[in-house]
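What follows is the content of run.tsv (TSV, C-alpha atoms).
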```
chain	number	residue	atom	x	y	z
B	1	MET	CA	-41.60	-18.13	0.89
B	2	LEU	CA	-38.23	-17.48	2.43
B	3	LYS	CA	-37.17	-19.69	5.33
B	4	ALA	CA	-36.48	-17.44	8.31
B	5	GLY	CA	-34.87	-17.88	11.70
B	6	VAL	CA	-34.54	-15.52	14.64
B	7	LEU	CA	-31.48	-15.08	16.84
B	8	GLY	CA	-32.56	-13.77	20.25
B	9	ALA	CA	-35.96	-14.31	21.86
B	10	GLY	CA	-36.16	-11.34	24.20
B	11	HIS	CA	-38.88	-8.67	24.10
B	12	LEU	CA	-38.22	-7.62	20.49
B	13	GLY	CA	-37.21	-11.12	19.39
B	14	LYS	CA	-40.66	-12.44	20.36
B	15	ILE	CA	-42.27	-9.73	18.23
B	16	HIS	CA	-40.12	-10.79	15.26
B	17	LEU	CA	-41.07	-14.42	15.83
B	18	ARG	CA	-44.78	-13.61	15.92
B	19	LEU	CA	-44.69	-11.44	12.80
B	20	LEU	CA	-42.51	-13.78	10.76
B	21	ASN	CA	-44.86	-16.59	11.75
B	22	GLN	CA	-47.93	-14.72	10.48
B	23	SER	CA	-46.28	-13.31	7.32
B	24	ASN	CA	-47.10	-14.97	4.01
B	25	LYS	CA	-43.65	-14.04	2.69
B	26	TYR	CA	-41.71	-16.07	5.26
B	27	ASP	CA	-41.72	-19.60	6.57
B	28	LEU	CA	-40.61	-19.34	10.22
B	29	VAL	CA	-38.27	-22.26	10.85
B	30	GLY	CA	-37.35	-21.50	14.46
B	31	PHE	CA	-35.11	-19.54	16.78
B	32	TYR	CA	-31.97	-19.67	18.87
B	33	ASP	CA	-31.48	-17.97	22.23
B	34	ALA	CA	-28.38	-18.25	24.42
B	35	ASP	CA	-30.59	-18.20	27.54
B	36	THR	CA	-31.93	-21.77	27.58
B	37	GLU	CA	-34.41	-21.04	30.37
B	38	ASN	CA	-35.93	-18.20	28.38
B	39	ALA	CA	-35.93	-20.40	25.26
B	40	LYS	CA	-37.90	-23.10	27.09
B	41	ARG	CA	-40.48	-20.55	28.20
B	42	VAL	CA	-40.88	-19.27	24.65
B	43	VAL	CA	-41.35	-22.82	23.31
B	44	GLU	CA	-43.91	-23.65	25.99
B	45	GLU	CA	-45.86	-20.43	25.47
B	46	PHE	CA	-45.77	-20.10	21.67
B	47	GLY	CA	-44.68	-23.48	20.31
B	48	TYR	CA	-41.89	-22.16	18.09
B	49	THR	CA	-39.09	-24.57	17.20
B	50	TYR	CA	-35.95	-24.07	19.29
B	51	PHE	CA	-32.48	-24.83	17.94
B	52	ASP	CA	-29.86	-25.47	20.61
B	53	SER	CA	-27.06	-24.49	18.21
B	54	ILE	CA	-26.71	-21.15	16.45
B	55	ASP	CA	-25.00	-22.89	13.51
B	56	ASP	CA	-27.86	-25.39	13.10
B	57	LEU	CA	-30.43	-22.60	12.94
B	58	ILE	CA	-28.45	-20.58	10.39
B	59	ASP	CA	-27.92	-23.70	8.25
B	60	ALA	CA	-31.69	-24.32	8.16
B	61	VAL	CA	-32.79	-20.91	6.86
B	62	ASP	CA	-32.45	-18.36	4.03
B	63	VAL	CA	-32.83	-15.24	6.19
B	64	VAL	CA	-31.52	-14.60	9.70
B	65	ALA	CA	-33.17	-11.94	11.88
B	66	ILE	CA	-30.59	-10.79	14.42
B	67	VAL	CA	-32.41	-9.50	17.51
B	68	THR	CA	-29.68	-10.14	20.07
B	69	PRO	CA	-27.94	-7.53	22.29
B	70	THR	CA	-25.92	-5.07	20.19
B	71	LEU	CA	-22.56	-6.42	21.39
B	72	SER	CA	-23.25	-9.73	19.63
B	73	HIS	CA	-24.64	-8.33	16.35
B	74	TYR	CA	-21.27	-8.46	14.61
B	75	ASP	CA	-20.46	-12.08	15.46
B	76	CYS	CA	-23.97	-13.26	14.58
B	77	ALA	CA	-24.01	-11.35	11.29
B	78	LYS	CA	-20.55	-12.58	10.30
B	79	LEU	CA	-21.54	-16.19	10.97
B	80	ALA	CA	-24.74	-15.87	8.90
B	81	ILE	CA	-23.13	-14.03	5.98
B	82	ASN	CA	-20.25	-16.50	5.75
B	83	LYS	CA	-22.87	-19.24	5.39
B	84	GLY	CA	-24.47	-17.31	2.52
B	85	LYS	CA	-27.54	-16.10	4.41
B	86	HIS	CA	-29.38	-12.78	4.13
B	87	ILE	CA	-29.43	-10.77	7.36
B	88	PHE	CA	-32.01	-8.49	8.96
B	89	ILE	CA	-30.20	-6.83	11.84
B	90	GLU	CA	-31.82	-4.71	14.54
B	91	LYS	CA	-30.56	-1.19	15.23
B	92	PRO	CA	-27.94	-0.14	16.04
B	93	ILE	CA	-26.30	-2.17	13.29
B	94	THR	CA	-23.26	-3.12	15.42
B	95	ASN	CA	-21.27	-1.95	18.40
B	96	THR	CA	-18.64	-0.08	16.34
B	97	VAL	CA	-18.45	1.55	12.91
B	98	GLU	CA	-15.48	-0.70	12.06
B	99	GLU	CA	-17.65	-3.79	12.65
B	100	ALA	CA	-20.40	-2.31	10.49
B	101	GLU	CA	-17.95	-1.63	7.65
B	102	THR	CA	-16.69	-5.22	7.84
B	103	ILE	CA	-20.26	-6.56	7.60
B	104	ARG	CA	-20.90	-4.39	4.53
B	105	THR	CA	-17.78	-5.78	2.89
B	106	LEU	CA	-18.76	-9.38	3.71
B	107	VAL	CA	-22.28	-8.92	2.34
B	108	ALA	CA	-20.84	-7.67	-0.94
B	109	GLU	CA	-18.37	-10.57	-1.12
B	110	HIS	CA	-21.04	-13.21	-0.49
B	111	ALA	CA	-23.70	-11.53	-2.69
B	112	VAL	CA	-26.35	-11.56	0.05
B	113	LYS	CA	-28.60	-8.74	1.24
B	114	GLY	CA	-28.80	-6.93	4.55
B	115	GLN	CA	-31.28	-4.54	6.12
B	116	VAL	CA	-31.15	-2.62	9.41
B	117	GLY	CA	-34.19	-2.33	11.69
B	118	HIS	CA	-34.65	1.43	11.72
B	119	VAL	CA	-38.38	0.96	12.12
B	120	GLU	CA	-39.42	4.63	12.12
B	121	ARG	CA	-38.84	4.72	8.35
B	122	PHE	CA	-41.95	2.54	8.17
B	123	ASN	CA	-44.02	4.68	10.53
B	124	PRO	CA	-47.21	5.59	8.61
B	125	ALA	CA	-46.97	9.26	9.68
B	126	PHE	CA	-43.48	9.55	8.16
B	127	ILE	CA	-44.44	7.57	5.05
B	128	GLY	CA	-47.38	9.96	4.59
B	129	VAL	CA	-45.19	13.09	4.39
B	130	LYS	CA	-41.69	12.01	3.38
B	131	ASP	CA	-42.22	12.95	-0.28
B	132	GLN	CA	-43.14	16.49	0.83
B	133	ILE	CA	-39.95	16.93	2.85
B	134	VAL	CA	-37.77	18.71	0.30
B	135	ASN	CA	-34.53	20.41	1.32
B	136	PRO	CA	-35.41	21.10	4.99
B	137	MET	CA	-33.18	23.74	6.56
B	138	PHE	CA	-34.10	23.33	10.24
B	139	ILE	CA	-35.23	20.14	11.98
B	140	GLU	CA	-36.26	19.75	15.61
B	141	CYS	CA	-36.65	16.30	17.21
B	142	HIS	CA	-37.93	15.31	20.65
B	143	ARG	CA	-37.87	11.64	21.60
B	144	LEU	CA	-38.78	11.30	25.27
B	145	ALA	CA	-39.54	8.07	27.09
B	146	GLU	CA	-40.52	7.08	30.59
B	147	PHE	CA	-37.83	5.18	32.47
B	148	ASN	CA	-37.47	1.50	31.56
B	149	PRO	CA	-34.46	-0.50	32.79
B	150	ARG	CA	-34.39	-2.35	29.46
B	151	GLY	CA	-31.91	-0.60	27.18
B	152	THR	CA	-29.98	1.28	29.85
B	153	ASP	CA	-26.83	-0.71	29.08
B	154	VAL	CA	-26.17	1.73	26.21
B	155	PRO	CA	-26.28	5.56	26.07
B	156	VAL	CA	-29.67	7.10	25.25
B	157	VAL	CA	-28.16	8.16	21.90
B	158	LEU	CA	-27.89	4.51	20.77
B	159	ASP	CA	-31.12	3.51	22.50
B	160	LEU	CA	-33.47	6.28	21.29
B	161	MET	CA	-31.82	9.18	19.45
B	162	ILE	CA	-30.45	6.92	16.69
B	163	HIS	CA	-34.02	6.58	15.33
B	164	ASP	CA	-34.11	10.32	14.66
B	165	ILE	CA	-30.54	10.39	13.36
B	166	ASP	CA	-31.51	7.83	10.71
B	167	ILE	CA	-34.67	9.76	9.75
B	168	ILE	CA	-32.69	13.01	9.43
B	169	LEU	CA	-29.92	11.42	7.35
B	170	SER	CA	-32.57	9.94	5.04
B	171	VAL	CA	-34.03	13.39	4.18
B	172	VAL	CA	-30.98	15.69	4.36
B	173	GLN	CA	-28.89	14.99	1.30
B	174	SER	CA	-25.73	16.65	2.56
B	175	PRO	CA	-22.62	15.64	4.53
B	176	VAL	CA	-22.36	16.46	8.24
B	177	LYS	CA	-20.16	19.52	8.85
B	178	HIS	CA	-20.16	19.90	12.63
B	179	ILE	CA	-21.72	18.33	15.73
B	180	SER	CA	-22.02	19.73	19.24
B	181	ALA	CA	-23.70	17.76	22.00
B	182	SER	CA	-24.12	17.23	25.72
B	183	GLY	CA	-25.41	14.32	27.77
B	184	VAL	CA	-26.13	13.66	31.43
B	185	SER	CA	-26.23	10.38	33.36
B	186	VAL	CA	-29.03	10.50	35.93
B	187	VAL	CA	-29.99	6.94	36.86
B	188	SER	CA	-27.71	4.86	34.59
B	189	GLU	CA	-23.97	4.57	34.12
B	190	THR	CA	-24.40	6.03	30.61
B	191	PRO	CA	-26.19	9.29	29.60
B	192	ASP	CA	-29.96	9.15	30.08
B	193	ILE	CA	-30.70	12.52	28.50
B	194	ALA	CA	-28.86	14.09	25.59
B	195	ASN	CA	-29.08	17.00	23.19
B	196	ALA	CA	-27.24	17.27	19.89
B	197	ARG	CA	-26.96	19.95	17.23
B	198	ILE	CA	-25.97	18.63	13.81
B	199	GLU	CA	-24.88	21.13	11.17
B	200	PHE	CA	-24.80	20.01	7.55
B	201	LYS	CA	-22.68	21.43	4.73
B	202	ASN	CA	-25.76	22.68	2.88
B	203	GLY	CA	-26.70	24.89	5.86
B	204	CYS	CA	-29.36	22.64	7.38
B	205	VAL	CA	-29.33	22.43	11.18
B	206	ALA	CA	-30.93	19.60	13.19
B	207	ASN	CA	-31.54	19.89	16.92
B	208	LEU	CA	-32.21	16.55	18.65
B	209	THR	CA	-33.23	15.83	22.23
B	210	ALA	CA	-33.58	12.31	23.61
B	211	SER	CA	-34.47	11.28	27.15
B	212	ARG	CA	-35.36	8.02	28.85
B	213	ILE	CA	-36.19	9.61	32.21
B	214	SER	CA	-39.22	11.69	31.21
B	215	LEU	CA	-42.62	11.73	32.86
B	216	LYS	CA	-44.41	11.24	29.55
B	217	ASN	CA	-43.65	9.73	26.16
B	218	MET	CA	-43.11	11.93	23.13
B	219	ARG	CA	-41.75	11.22	19.64
B	220	LYS	CA	-42.13	14.34	17.52
B	221	THR	CA	-40.09	15.79	14.68
B	222	ARG	CA	-40.65	19.12	12.95
B	223	PHE	CA	-39.22	20.00	9.56
B	224	PHE	CA	-38.95	23.62	8.36
B	225	GLN	CA	-38.27	24.38	4.72
B	226	LYS	CA	-39.00	27.07	2.12
B	227	ASP	CA	-42.75	27.76	2.22
B	228	ALA	CA	-43.60	24.73	4.38
B	229	TYR	CA	-43.73	23.43	7.95
B	230	ILE	CA	-44.11	19.67	8.42
B	231	SER	CA	-44.74	18.00	11.76
B	232	VAL	CA	-44.54	14.23	12.31
B	233	ASP	CA	-45.81	12.62	15.50
B	234	PHE	CA	-44.23	9.15	15.42
B	235	LEU	CA	-45.98	8.13	18.64
B	236	GLU	CA	-49.54	9.13	17.74
B	237	LYS	CA	-48.94	8.37	14.03
B	238	LYS	CA	-50.18	11.77	12.95
B	239	CYS	CA	-48.72	14.43	10.71
B	240	GLU	CA	-49.41	18.03	9.82
B	241	VAL	CA	-48.33	19.93	6.75
B	242	VAL	CA	-48.66	23.73	6.62
B	243	LYS	CA	-47.71	25.32	3.30
B	244	MET	CA	-47.55	28.80	1.81
B	245	LYS	CA	-48.27	29.90	-1.72
B	246	ASP	CA	-48.75	33.22	-3.48
B	247	ALA	CA	-52.00	34.79	-2.33
B	248	PRO	CA	-54.86	34.98	-4.85
B	249	GLU	CA	-55.75	38.44	-6.13
B	250	ASP	CA	-59.23	38.11	-4.71
B	251	PRO	CA	-58.95	35.99	-1.54
B	252	GLY	CA	-62.02	34.36	-0.02
B	253	ASP	CA	-63.40	35.28	3.38
B	254	PHE	CA	-61.81	32.23	5.01
B	255	ASP	CA	-58.44	32.31	3.25
B	256	MET	CA	-55.50	32.84	5.61
B	257	ILE	CA	-53.35	35.60	4.15
B	258	LEU	CA	-49.99	36.85	5.48
B	259	GLN	CA	-48.22	39.99	4.32
B	260	ASN	CA	-44.52	40.51	5.03
B	261	ALA	CA	-42.64	43.79	5.50
B	262	GLU	CA	-41.99	44.02	1.75
B	263	GLY	CA	-45.71	43.83	1.06
B	264	ILE	CA	-45.62	40.33	-0.43
B	265	LYS	CA	-48.79	38.40	0.33
B	266	LYS	CA	-48.85	34.65	0.92
B	267	GLN	CA	-51.71	32.28	1.53
B	268	ILE	CA	-51.38	29.67	4.28
B	269	TYR	CA	-53.08	26.33	3.69
B	270	PHE	CA	-53.08	22.86	5.17
B	271	ASP	CA	-52.10	19.86	3.08
B	272	ASN	CA	-52.44	16.99	5.54
B	273	PRO	CA	-52.08	13.60	3.83
B	274	ASP	CA	-54.20	10.54	4.52
B	275	ILE	CA	-52.41	8.07	6.78
B	276	THR	CA	-52.77	4.34	6.31
B	277	ASN	CA	-52.14	2.50	9.56
B	278	ASN	CA	-49.74	-0.41	9.37
B	279	ASN	CA	-47.54	-2.69	11.45
B	280	ALA	CA	-44.17	-1.05	10.91
B	281	ILE	CA	-42.08	-4.05	12.00
B	282	LEU	CA	-44.05	-6.39	9.74
B	283	ASP	CA	-43.62	-3.93	6.87
B	284	GLU	CA	-39.86	-3.68	7.31
B	285	LEU	CA	-39.56	-7.48	7.38
B	286	GLU	CA	-41.78	-7.97	4.33
B	287	THR	CA	-40.14	-5.25	2.25
B	288	PHE	CA	-36.84	-6.99	3.00
B	289	ALA	CA	-38.32	-10.21	1.60
B	290	ASP	CA	-39.34	-8.25	-1.52
B	291	ALA	CA	-35.80	-6.88	-1.89
B	292	ILE	CA	-34.39	-10.42	-1.72
B	293	ASN	CA	-36.93	-11.94	-4.11
B	294	ASN	CA	-36.77	-9.07	-6.62
B	295	ASN	CA	-33.03	-8.41	-6.20
B	296	THR	CA	-33.65	-4.75	-5.33
B	297	LYS	CA	-32.10	-2.44	-2.73
B	298	PRO	CA	-33.55	-2.75	0.81
B	299	ILE	CA	-35.28	0.38	2.11
B	300	VAL	CA	-32.86	0.73	5.05
B	301	THR	CA	-29.48	-0.42	3.78
B	302	LEU	CA	-26.43	-1.51	5.77
B	303	HIS	CA	-24.86	1.76	4.58
B	304	ASP	CA	-27.75	3.70	6.18
B	305	GLY	CA	-27.32	1.78	9.43
B	306	THR	CA	-23.57	2.41	9.39
B	307	GLU	CA	-23.95	6.16	8.83
B	308	ALA	CA	-26.53	6.45	11.63
B	309	LEU	CA	-24.11	4.68	13.97
B	310	ARG	CA	-21.24	6.89	12.80
B	311	VAL	CA	-23.16	10.08	13.62
B	312	ALA	CA	-24.39	8.61	16.93
B	313	ASN	CA	-20.80	7.88	17.94
B	314	MET	CA	-19.74	11.41	16.94
B	315	ILE	CA	-22.43	12.70	19.32
B	316	ILE	CA	-21.41	10.34	22.15
B	317	ASN	CA	-17.76	11.40	21.76
B	318	GLN	CA	-18.81	14.98	22.63
B	319	PHE	CA	-19.91	13.98	26.13
```
Could the structure of this file be written out as structure tokens, please?
Amino acid sequence: MLKAGVLGAGHLGKIHLRLLNQSNKYDLVGFYDADTENAKRVVEEFGYTYFDSIDDLIDAVDVVAIVTPTLSHYDCAKLAINKGKHIFIEKPITNTVEEAETIRTLVAEHAVKGQVGHVERFNPAFIGVKDQIVNPMFIECHRLAEFNPRGTDVPVVLDLMIHDIDIILSVVQSPVKHISASGVSVVSETPDIANARIEFKNGCVANLTASRISLKNMRKTRFFQKDAYISVDFLEKKCEVVKMKDAPEDPGDFDMILQNAEGIKKQIYFDNPDITNNNAILDELETFADAINNNTKPIVTLHDGTEALRVANMIINQF
């Protein structure tokens, strides 16, 4: 079991503490939080061990989970890496791409591993269909959330849209060619609703909308590719796969047959995979433990986190 410590005991930090505590791949040593009053409440409620020094916590563990505000990710990660510790760092990886690049360099120099908390990669609906997403040419994403003051210190692109940016970059194996975007600040000082169009060199186009001022929650992505339509509902953890194949010569009464203008007949059929429910945050933490123990590549690398941040910043710079 890897000794683990958590930096930051806010909403998400408490979830990390609970899951690391119940995991059989980690031994939760304790946590550090700069807010001593909050730290006392966490100790009283859950009984976790509190370290009053960030250095003392890092010294006592093998793996550091960084669940602090984004502005402090870089300093926390640098401190942990320089002490030879593996880092799990919540998204977005850092405040700037330059900071992310420095962290990647440090990890390589110190021969430790790092993973970024892009949790939607571990969503069972996405896991169920990702192997069927092959060369998508149009992608449409809607990530809408009801207003919550938590997270409004950053643009909605870094708060919500970055999840979809990471998913798209993981399935489109092509460099970004052009980005156009717009964003509007409604209740915050930074944009609360944004739309971006990402064009890739291979011709794929992704259209993303993110809002944190909606009346209902929605997290849906649709992938369109040759002979297939794939829909992933990240919120409801459901997916739908509609495929086309050459129509049989003698179709059955219930076969769905389409004929185009050229007279070519195709059969439409559903190929919905079975979905195995999971705890996505627990899975991302435990697969990171596997990567450390087996010396393999983490599922969401620091490179992935850096590229998601790079594209997010390109979108924000359009506003």
| message | Between atom CA of B:Arg121 and atom CA of B:Leu79, what distance in Å does the model show, to one decimal? | response | 27.3 Å
| note | Pairwise distance, atom CA of B:Asp227 with atom CA of B:Asp274, equals 20.8 Å
| task | Scan for residues within 12 Å of the point (-31.2, -19.7, 21.9) in the coordinates of the file, using only C-alpha atoms, and reply as number ranges by chain. | result | B: 5-10, 13, 30-43, 48-58, 66-68
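The interatomic distance for the pair atom CA of B:Ala108 and atom CA of B:Ser170 works out to 22.0 Å.
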| field | Spatial neighbours of stretch 312-319 of chain B, 6 Å, only C-alpha atoms, chain gap at least 2 places, as a PyMOL selection string | value | chain B and resi 181-183+309-310
| said: I'd like to know which of B:Gly263, B:Gly203, B:Pro149, B:Pro92 is closest to B:Met161, using all atoms listed in the file. | reply: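 Once distances to B:Met161 are computed over all atoms listed in the file, the minimum belongs to B:Pro92.
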Shell around stretch 205-210 of chain B at 6 Å using all atoms listed in the file, local window under 2 positions removed, as a compact mmCIF listing (two decimals) with C-alpha atoms, keeping the file's coordinate frame:
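Everything below was put into result.txt:
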```txt
# COMPACT_ATOMS: atom_id res chain seq x y z
CA PHE B 138 -34.10 23.33 10.24
CA ILE B 139 -35.23 20.14 11.98
CA GLU B 140 -36.26 19.75 15.61
CA CYS B 141 -36.65 16.30 17.21
CA HIS B 142 -37.93 15.31 20.65
CA ARG B 143 -37.87 11.64 21.60
CA LEU B 144 -38.78 11.30 25.27
CA MET B 161 -31.82 9.18 19.45
CA ILE B 193 -30.70 12.52 28.50
CA ALA B 194 -28.86 14.09 25.59
CA ASN B 195 -29.08 17.00 23.19
CA ALA B 196 -27.24 17.27 19.89
CA ARG B 197 -26.96 19.95 17.23
CA ILE B 198 -25.97 18.63 13.81
CA GLU B 199 -24.88 21.13 11.17
```
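Nearest residue to B:Ile213, choosing from B:Ile167, B:Ala145, B:Met244, B:Val107 and counting all atoms listed in the file: B:Ala145.
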| said: Need to verify the contact set: B:Asp131, 12 Å, only C-alpha atoms, exclusion of same-chain residues closer than 5 positions in sequence. Can you return it as an MDAnalysis selection string? | reply: chainID B and resid 125:126 136 170:171 230 241 273
Which residues of stretch 276-304 of chain B have any atom within 9 Å of an atom in stretch 19-22 of chain B when counting only C-alpha atoms, and what is the closest pair of atoms for each, with the distance in Å to one decimal? Order the rows by chain and rising number and write it as CSV.
```
residue,atom,partner,partner_atom,distance
B:Ile281,CA,B:Leu19,CA,7.9
B:Leu282,CA,B:Leu19,CA,5.9
B:Leu285,CA,B:Leu20,CA,7.7
B:Glu286,CA,B:Leu20,CA,8.7
```
| field | Using all atoms listed in the file: which of B:Val63, B:Glu45, B:Thr102, B:Arg222 has the shortest distance to B:Arg18 | value |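 The shortest atom-to-atom distance to B:Arg18 comes from B:Glu45.
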Residue rebuild result stretch 71-82 of chain B, N, CA, C and O atoms as a short mmCIF file (atom, residue, chain, number, x, y, z; two decimals), keeping the file's coordinate frame:
```
data_model
loop_
_atom_site.label_atom_id
_atom_site.label_comp_id
_atom_site.auth_asym_id
_atom_site.auth_seq_id
_atom_site.Cartn_x
_atom_site.Cartn_y
_atom_site.Cartn_z
N LEU B 71 -23.95 -5.94 21.33
CA LEU B 71 -22.56 -6.42 21.39
C LEU B 71 -22.35 -7.69 20.56
O LEU B 71 -21.23 -7.94 20.10
N SER B 72 -23.40 -8.47 20.37
CA SER B 72 -23.25 -9.73 19.63
C SER B 72 -23.69 -9.64 18.17
O SER B 72 -23.59 -10.61 17.43
N HIS B 73 -24.18 -8.47 17.74
CA HIS B 73 -24.64 -8.33 16.35
C HIS B 73 -23.57 -8.72 15.34
O HIS B 73 -23.84 -9.43 14.36
N TYR B 74 -22.35 -8.24 15.58
CA TYR B 74 -21.27 -8.46 14.61
C TYR B 74 -20.97 -9.95 14.44
O TYR B 74 -20.92 -10.45 13.30
N ASP B 75 -20.79 -10.65 15.54
CA ASP B 75 -20.46 -12.08 15.46
C ASP B 75 -21.59 -12.87 14.80
O ASP B 75 -21.34 -13.76 13.98
N CYS B 76 -22.82 -12.55 15.17
CA CYS B 76 -23.97 -13.26 14.58
C CYS B 76 -24.07 -12.99 13.07
O CYS B 76 -24.30 -13.91 12.28
N ALA B 77 -23.90 -11.72 12.71
CA ALA B 77 -24.01 -11.35 11.29
C ALA B 77 -22.90 -12.01 10.47
O ALA B 77 -23.14 -12.54 9.38
N LYS B 78 -21.69 -11.99 11.01
CA LYS B 78 -20.55 -12.58 10.30
C LYS B 78 -20.78 -14.06 10.05
O LYS B 78 -20.54 -14.58 8.95
N LEU B 79 -21.27 -14.75 11.06
CA LEU B 79 -21.54 -16.19 10.97
C LEU B 79 -22.59 -16.46 9.88
O LEU B 79 -22.42 -17.36 9.04
N ALA B 80 -23.66 -15.67 9.87
CA ALA B 80 -24.74 -15.87 8.90
C ALA B 80 -24.28 -15.55 7.48
O ALA B 80 -24.56 -16.31 6.54
N ILE B 81 -23.58 -14.44 7.32
CA ILE B 81 -23.13 -14.03 5.98
C ILE B 81 -22.16 -15.05 5.40
O ILE B 81 -22.25 -15.42 4.22
N ASN B 82 -21.23 -15.52 6.23
CA ASN B 82 -20.25 -16.50 5.75
C ASN B 82 -20.90 -17.82 5.33
O ASN B 82 -20.30 -18.60 4.59
#
```
